[in-house]
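Asker: Here you go, this is upload_10.cif (mmCIF, C-alpha atoms).
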```cif
data_final
loop_
_atom_site.label_atom_id
_atom_site.label_comp_id
_atom_site.auth_asym_id
_atom_site.auth_seq_id
_atom_site.Cartn_x
_atom_site.Cartn_y
_atom_site.Cartn_z
CA MET M 1 119.26 167.52 210.01
CA PRO M 2 116.11 165.94 208.55
CA GLN M 3 115.37 166.56 204.89
CA ASP M 4 112.26 168.22 203.71
CA PRO M 5 109.97 165.65 201.95
CA ALA M 6 109.69 167.99 198.96
CA GLU M 7 113.47 167.96 198.49
CA ARG M 8 113.86 164.19 198.64
CA ARG M 9 114.41 162.60 195.21
CA VAL M 10 113.32 159.11 194.31
CA THR M 11 114.88 157.27 191.39
CA VAL M 12 112.64 154.78 189.66
CA THR M 13 114.32 152.20 187.48
CA GLY M 14 112.66 149.93 184.98
CA PRO M 15 112.86 148.73 181.45
CA PRO M 16 113.12 151.46 178.85
CA ARG M 17 109.87 152.42 177.28
CA ARG M 18 109.25 152.27 173.57
CA ALA M 19 109.23 155.64 171.95
CA GLY M 20 105.79 156.68 170.79
CA ARG M 21 104.93 157.30 167.18
CA ALA M 22 105.32 160.75 165.78
CA PRO M 23 102.17 162.83 165.76
CA GLY M 24 100.33 162.55 162.49
CA TYR M 25 101.42 158.93 161.98
CA TYR M 26 98.63 156.74 160.68
CA ARG M 27 98.37 153.00 160.49
CA PRO M 28 96.91 151.62 157.29
CA ARG M 29 95.36 148.71 159.21
CA THR M 30 93.51 151.19 161.41
CA GLU M 31 92.30 153.01 158.31
CA ILE M 32 90.87 149.75 156.99
CA ASP M 33 89.27 148.79 160.31
CA GLU M 34 87.66 152.21 160.69
CA GLN M 35 86.45 152.09 157.06
CA THR M 36 87.81 155.48 156.16
CA THR M 37 88.23 156.65 152.58
CA LEU M 38 91.90 155.68 152.62
CA GLY M 39 91.08 152.24 154.03
CA HIS M 40 88.45 151.80 151.33
CA THR M 41 91.10 152.68 148.74
CA TYR M 42 93.48 150.04 150.12
CA VAL M 43 90.82 147.31 150.01
CA ARG M 44 89.65 148.42 146.59
CA SER M 45 93.18 148.13 145.20
CA LEU M 46 93.37 144.53 146.46
CA MET M 47 89.99 143.74 144.95
CA ARG M 48 90.99 145.23 141.60
CA SER M 49 94.21 143.23 141.43
CA GLN M 50 92.33 140.03 142.31
CA LEU M 51 89.67 140.81 139.71
CA ARG M 52 92.34 141.46 137.09
CA ALA M 53 93.95 138.08 137.81
CA GLY M 54 90.57 136.32 137.66
CA LEU M 55 89.56 137.96 134.39
CA THR M 56 92.93 137.11 132.86
CA ALA M 57 92.54 133.45 133.84
CA PHE M 58 88.99 133.44 132.49
CA ALA M 59 90.12 134.96 129.17
CA VAL M 60 92.88 132.39 128.78
CA LEU M 61 90.38 129.65 129.59
CA GLY M 62 88.00 131.02 126.94
CA LEU M 63 90.77 131.12 124.35
CA LEU M 64 91.78 127.58 125.26
CA VAL M 65 88.34 125.94 125.33
CA GLY M 66 86.29 128.29 123.14
CA PRO M 67 87.63 127.26 119.72
CA LEU M 68 87.34 123.51 120.43
CA PRO M 69 83.72 123.12 119.17
CA LEU M 70 84.73 124.82 115.91
CA LEU M 71 87.75 122.57 115.61
CA PHE M 72 85.63 119.49 116.23
CA ALA M 73 83.02 120.66 113.68
CA VAL M 74 85.70 120.98 111.01
CA MET M 75 86.94 117.44 111.69
CA PRO M 76 83.73 115.40 112.14
CA ALA M 77 85.32 111.99 111.52
CA ALA M 78 87.90 112.22 114.30
CA ARG M 79 85.84 111.12 117.34
CA ARG M 80 88.82 109.60 119.10
CA LEU M 81 90.78 112.81 118.57
CA GLU M 82 88.04 114.75 120.33
CA TRP M 83 88.22 112.55 123.40
CA ALA M 84 92.01 112.63 123.40
CA VAL M 85 92.05 116.42 123.20
CA LEU M 86 89.37 116.81 125.87
CA GLY M 87 90.75 114.12 128.16
CA PHE M 88 94.48 114.62 127.92
CA GLY M 89 95.37 117.64 125.79
CA LEU M 90 93.34 120.09 127.84
CA TYR M 91 94.22 118.77 131.28
CA ALA M 92 97.81 120.03 131.49
CA PRO M 93 97.03 123.60 130.32
CA LEU M 94 94.11 123.83 132.74
CA VAL M 95 96.29 122.70 135.65
CA LEU M 96 98.96 125.22 134.66
CA LEU M 97 96.37 127.97 134.39
CA ALA M 98 94.93 127.12 137.81
CA ARG M 99 98.40 127.04 139.33
CA TRP M 100 99.23 130.43 137.81
CA TYR M 101 95.99 131.92 139.15
CA VAL M 102 96.50 130.65 142.70
CA ARG M 103 100.09 131.89 142.80
CA ARG M 104 99.03 135.29 141.44
CA ALA M 105 96.20 135.63 143.98
CA GLU M 106 98.51 134.69 146.86
CA ARG M 107 101.11 137.18 145.67
CA ASN M 108 98.46 139.92 145.51
CA GLU M 109 97.44 139.15 149.08
CA ARG M 110 101.06 139.04 150.26
CA ASP M 111 101.70 142.44 148.67
CA PHE M 112 98.58 143.84 150.32
CA VAL M 113 99.61 142.57 153.75
CA ARG M 114 103.08 144.03 153.26
CA LEU M 115 101.45 147.36 152.36
CA VAL M 116 99.28 147.59 155.48
CA GLU M 117 101.67 146.04 158.01
CA ASP M 118 103.09 148.22 160.77
CA ARG M 119 106.84 148.45 160.30
#
```
Re-express the file's structure as structure tokens.

Answerer:
Amino acid sequence: MPQDPAERRVTVTGPPRRAGRAPGYYRPRTEIDEQTTLGHTYVRSLMRSQLRAGLTAFAVLGLLVGPLPLLFAVMPAARRLEWAVLGFGLYAPLVLLARWYVRRAERNERDFVRLVEDR
């Protein structure tokens, strides 16, 4: 007895599909790309943290280099001391300050990426 085509069942096999996201789920990266208010807030938080790191480095630099002319004015006879301080004494703190700033900026960016990643 031939089967009716409407009653025949076909089984389709294939790899399991990934479950879709729940309704109402948002992606922070999409918010940034679409320039929504929330995306603007994410980018603004990164900019603020980078600005804070830059201003901190600038303040430390000012405290490090700013008093030097006053120090040199107080000790006018020590010309060799001035060159030693400028040439050698300031170099190591400036390198350390630059290294701190770069590490801080990279950490801020890493934290931002971790915040907006899809996981």

Asker: Which residue, M:Leu97, M:Gln50, M:Ala73, M:Ala57, has the smallest gap to M:Arg110 when you use all atoms listed in the file?

Answerer: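 That would be M:Gln50, the residue with the smallest distance to M:Arg110.
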
Asker: Which residues come within 9 Å of M:Glu109, counting only C-alpha atoms, excluding same-chain residues fewer than 5 positions away, as a CSV table (one decimal) with C-alpha atoms, in the coordinates of the input?

Answerer:
```csv
chain,number,residue,atom,x,y,z
M,46,LEU,CA,93.4,144.5,146.5
M,50,GLN,CA,92.3,140.0,142.3
M,104,ARG,CA,99.0,135.3,141.4
M,114,ARG,CA,103.1,144.0,153.3
```

Asker: Kindly indicate which residue among M:Phe72, M:Ala98, M:Gly14, M:Ala105 lies nearest to M:Ala84, using all atoms listed in the file for the distances.

Answerer: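 Of M:Phe72, M:Ala98, M:Gly14, M:Ala105, the one nearest M:Ala84 is M:Phe72, counting all atoms listed in the file.
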
Asker: Please determine, counting all atoms listed in the file, which residue among M:Val85, M:Gly66, M:Arg52, M:Val12 has the shortest atom-to-atom distance to M:Tyr101.

Answerer: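 Among M:Val85, M:Gly66, M:Arg52, M:Val12, it is M:Arg52 that comes nearest to M:Tyr101.
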
Asker: So how many Å separate atom CA of M:Leu70 and atom CA of M:Phe88, to one decimal?

Answerer: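 Atom CA of M:Phe88 lies at a distance of 18.5 Å from atom CA of M:Leu70.
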